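Working notes, beginning with the structure itself.
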Amino acid sequence: MRTLAYGSWPSPIDAALAAAHDGHPEWVGFVGDEVWWTEPRPTEAGRRTLVRRRADGSQESVLPAPWNVRSRVMEYGGQPWAGTVHNGQPLVVFVNFTDQRLYRYEPGSVPEPLTPVSPVGGGLRWAEPRVRPDLGEVWCVLEEFTGEGPGDVRRVLAAVPLDRSAAEDRHAVRELTDDRHRFVSGPCVSPDGRKAAWLAWDHPRMPWDGTELLLAEVADDGTFGEPRVVAGGPEESVAQVDWGFDGSLLYASDRTGWWNLYRDHEPVCPREEEFGGPLWKLGQRWFAPLESGLIAVVHGRGAALLGVLDPETGEVVDAAGPWTEFTSTLAVHGDRIVGVGASPRSAHEVVELDTRIGRARVIGAPHDDPVDPAHYPEPQIRTFTGPAGRDIHAHIYPPHSPSWTAPGNELPPYVIWAHGGPTSRAPLVLDLEIAYFTSRGIGVAEVNYGGSTGHGREYRNRLREQWGVVDVEDCAAVALALADEGTADRARLAVRGGSAGGWTSAASLVTTDVYACGTIIYPVLDLANWASGETHDFESRYLETLVGPLADVPARYTERSPVEHADRITAPFLLLQGLADVICPPVQCERLLERMRGRQVPHAYLAFEGEGHGFRRADTMIRALEAELSLYAQVFGIEPPGIPTLELSK
């Protein structure tokens, strides 16, 4: 082992490598016996392609550039494709990101549009398609803009003809429901085709606050009867609904404080763990019923394993293998279950579980170590004590290198990572962005602060009206605990995060003196304006839960907004922003920068054309990572080799 200061270690994990491995497979599904899914292509302008795995194991990307399989419904999107076998061949429908039209695709042919383009506002958008060849239709969620504002929108369940008769005619789209609810999920049809179930909710609730499970009779011609509410409510979140093959109604509800499974309204596996999660994207699946009566489940407490639940006994048997974290996408066919799993030593892979023999194997996007795994971090799962004695869950990634060590009397710098959401969590999986720092001698701590998911509704509700308080306090408590125990250098602590994590980073620089610097990525910075038209419809009333109603507590919005207290920021910072971001628009950053003018605080602002909320292009991610490392190098007094110097303004 050679000796060199923390943060200065040479590493084979460069920004280009981290960018090339950003993102993971999503939206798995069966088309007959074949497994299909979407995959990111960071080096192809960040598009997502559709991958087909044939029954013989061969694979191909079926849609070349520039096709981009991604929905913009509610801006975060949702399930963008579905398929079936028709006349012995795959028939697939998908949403193309650029024009948001729904397309019909059959291998060997060119995709053909099924829906028109609307010139009004954000146009017509589609998600959660379900192909109904028996009716000659695709049933899905329709998001239709009625004006130019982000709130000028209606959402309904709709049926799109498969014969292309609606390709230029909006009136040819048959609406299955009215627009009495602001938000709806896609319809799940019972095995006999006689009933449809879906979720709905309205402002100011978010889906993890409270949803309603609706049920309607379906006539022979595919028309819906009057829907009725059968579960859920203002303080009960139903995260997903489906049907068993025996016609039983299955759903995941948090009525007990945990998202548990119910069959015909009776609990089938009551546990203090989650069998559901926050519905950020329409079509997320935490469970899927099998023909045998068993149920595939993604479940856990602070983690998410893939298991098979026997609803008769309540027993869950987890899939054997190295995967410790599965995402909320599942598909089943016969005795086969397909999901997407990862671990601290492997990136996300498409995994198939054969329930007959209990064997799990990788069938797509296999993890392939781009460098010697000895360079990967070795994380620790820890629980810290925060204000008022509350627990704070975190993942600690100490600096790690197989070749380098630091002088014996030196403590390492640490960066506190605040996840987005904020109603979400940081999963414990291999992330080369984290390895980019740890392999150079900079520690990382991912904090699942109060408000995060995975630990029940009570833990989630800690953030109610406390955003900018509890999240900031919890991150600071972890940072200071690491310093107090001699794990981290108290003088070299940083904070970083994107979206809601960007808010936490900025608020931390305003309200604490814990951090020597910070990285703020596509953040919320100005609460009052964000709540008054500067964001999209889905989250436009989110702050009523996170902060309180603006009309009732306007002073709270002012007091907590970093943009209102730029004079309190004394630590250097880096601001990263996508110029096409409609969720956290650039104007929020520009407002903060204007108020920082002349204050002599070193900072930099990098804005990226064509990037929205979440960077997807390889060149963007490379520039952002190298700039972040350069900030830490300048503030912490370290010299990482081969990193361009970020110019800091004052």
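Chain identifiers are assigned as A, B, and so on, following the order in which chains appear in the structure tokens; residues are numbered from 1 within each chain, and ligands are numbered from 1 in order of appearance.
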- Can you pull out every residue within 9 Å of Trp81 in chain A, counting only C-alpha atoms, but drop anything in the same chain fewer than 3 positions away, and send it as a PyMOL selection string? chain A and resi 27+29+37-38+50+69-71+92-95+102+127-130
- Message: Applying 7 Å and only C-alpha atoms, which residues near Leu124 in chain A remain after dropping the ones on its own chain fewer than 5 positions away? List them as JSON, numbers by chain.
- Response: {"A": [100, 117, 118, 143, 144, 145]}
- Quick one: pick out all alpha helix (DSSP H) residues within range 261-436 of chain A from a backbone DSSP run and write them as a ChimeraX atom specification. /A:432-436
Pull all heavy atoms from the residues just selected and write them as a PDB file, in the first residue's frame.
ATOM      1  N   LEU A 432     -21.543   3.775  -9.178  1.00  0.00           N
ATOM      2  CA  LEU A 432     -20.191   4.198  -9.535  1.00  0.00           C
ATOM      3  C   LEU A 432     -19.965   5.680  -9.293  1.00  0.00           C
ATOM      4  O   LEU A 432     -18.818   6.123  -9.235  1.00  0.00           O
ATOM      5  CB  LEU A 432     -19.888   3.834 -10.989  1.00  0.00           C
ATOM      6  CG  LEU A 432     -19.739   2.340 -11.290  1.00  0.00           C
ATOM      7  CD1 LEU A 432     -19.225   2.121 -12.701  1.00  0.00           C
ATOM      8  CD2 LEU A 432     -18.814   1.655 -10.283  1.00  0.00           C
ATOM      9  N   GLU A 433     -21.025   6.461  -9.128  1.00  0.00           N
ATOM     10  CA  GLU A 433     -20.831   7.852  -8.715  1.00  0.00           C
ATOM     11  C   GLU A 433     -20.300   7.908  -7.286  1.00  0.00           C
ATOM     12  O   GLU A 433     -19.442   8.735  -6.966  1.00  0.00           O
ATOM     13  CB  GLU A 433     -22.133   8.644  -8.830  1.00  0.00           C
ATOM     14  CG  GLU A 433     -22.489   9.035 -10.241  1.00  0.00           C
ATOM     15  CD  GLU A 433     -23.519  10.150 -10.293  1.00  0.00           C
ATOM     16  OE1 GLU A 433     -23.788  10.776  -9.249  1.00  0.00           O
ATOM     17  OE2 GLU A 433     -24.055  10.401 -11.380  1.00  0.00           O
ATOM     18  N   ILE A 434     -20.801   7.045  -6.427  1.00  0.00           N
ATOM     19  CA  ILE A 434     -20.267   6.976  -5.067  1.00  0.00           C
ATOM     20  C   ILE A 434     -18.840   6.445  -5.108  1.00  0.00           C
ATOM     21  O   ILE A 434     -17.935   6.995  -4.461  1.00  0.00           O
ATOM     22  CB  ILE A 434     -21.169   6.092  -4.180  1.00  0.00           C
ATOM     23  CG1 ILE A 434     -22.524   6.775  -3.960  1.00  0.00           C
ATOM     24  CG2 ILE A 434     -20.495   5.795  -2.844  1.00  0.00           C
ATOM     25  CD1 ILE A 434     -23.503   5.950  -3.161  1.00  0.00           C
ATOM     26  N   ALA A 435     -18.619   5.389  -5.892  1.00  0.00           N
ATOM     27  CA  ALA A 435     -17.273   4.824  -6.006  1.00  0.00           C
ATOM     28  C   ALA A 435     -16.280   5.825  -6.590  1.00  0.00           C
ATOM     29  O   ALA A 435     -15.080   5.772  -6.290  1.00  0.00           O
ATOM     30  CB  ALA A 435     -17.314   3.563  -6.865  1.00  0.00           C
ATOM     31  N   TYR A 436     -16.752   6.723  -7.424  1.00  0.00           N
ATOM     32  CA  TYR A 436     -15.908   7.784  -7.993  1.00  0.00           C
ATOM     33  C   TYR A 436     -15.242   8.587  -6.877  1.00  0.00           C
ATOM     34  O   TYR A 436     -14.065   8.967  -6.971  1.00  0.00           O
ATOM     35  CB  TYR A 436     -16.779   8.679  -8.864  1.00  0.00           C
ATOM     36  CG  TYR A 436     -16.090   9.876  -9.493  1.00  0.00           C
ATOM     37  CD1 TYR A 436     -15.257   9.725 -10.596  1.00  0.00           C
ATOM     38  CD2 TYR A 436     -16.314  11.156  -8.994  1.00  0.00           C
ATOM     39  CE1 TYR A 436     -14.655  10.825 -11.188  1.00  0.00           C
ATOM     40  CE2 TYR A 436     -15.718  12.265  -9.578  1.00  0.00           C
ATOM     41  CZ  TYR A 436     -14.890  12.097 -10.678  1.00  0.00           C
ATOM     42  OH  TYR A 436     -14.289  13.189 -11.262  1.00  0.00           O
TER      43      TYR A 436
END
May I have a table of the residues of range 425-499 of chain A lying at most 10 Å from range 276-288 of chain A, giving each one's closest pair of atoms and their distance in Å to one decimal, counting only C-alpha atoms, ordered by chain and ascending residue number, as JSON lines?
{"residue": "A:Arg425", "atom": "CA", "partner": "A:Pro278", "partner_atom": "CA", "distance": 9.9}
{"residue": "A:Ser452", "atom": "CA", "partner": "A:Pro278", "partner_atom": "CA", "distance": 9.9}
{"residue": "A:Thr453", "atom": "CA", "partner": "A:Gly277", "partner_atom": "CA", "distance": 7.1}
{"residue": "A:Gly454", "atom": "CA", "partner": "A:Gly277", "partner_atom": "CA", "distance": 7.5}
{"residue": "A:Gly456", "atom": "CA", "partner": "A:Gly277", "partner_atom": "CA", "distance": 9.7}
- What is the CA of Ala252 in chain A to CA of Ala304 in chain A distance in Å?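 Here the two named atoms are 14.8 Å from each other.
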- Note on the structure: With distances taken over only C-alpha atoms, the candidate from A:Gly57, A:Gly136, A:Pro267, A:Pro191 nearest Gly222 in chain A is A:Gly136
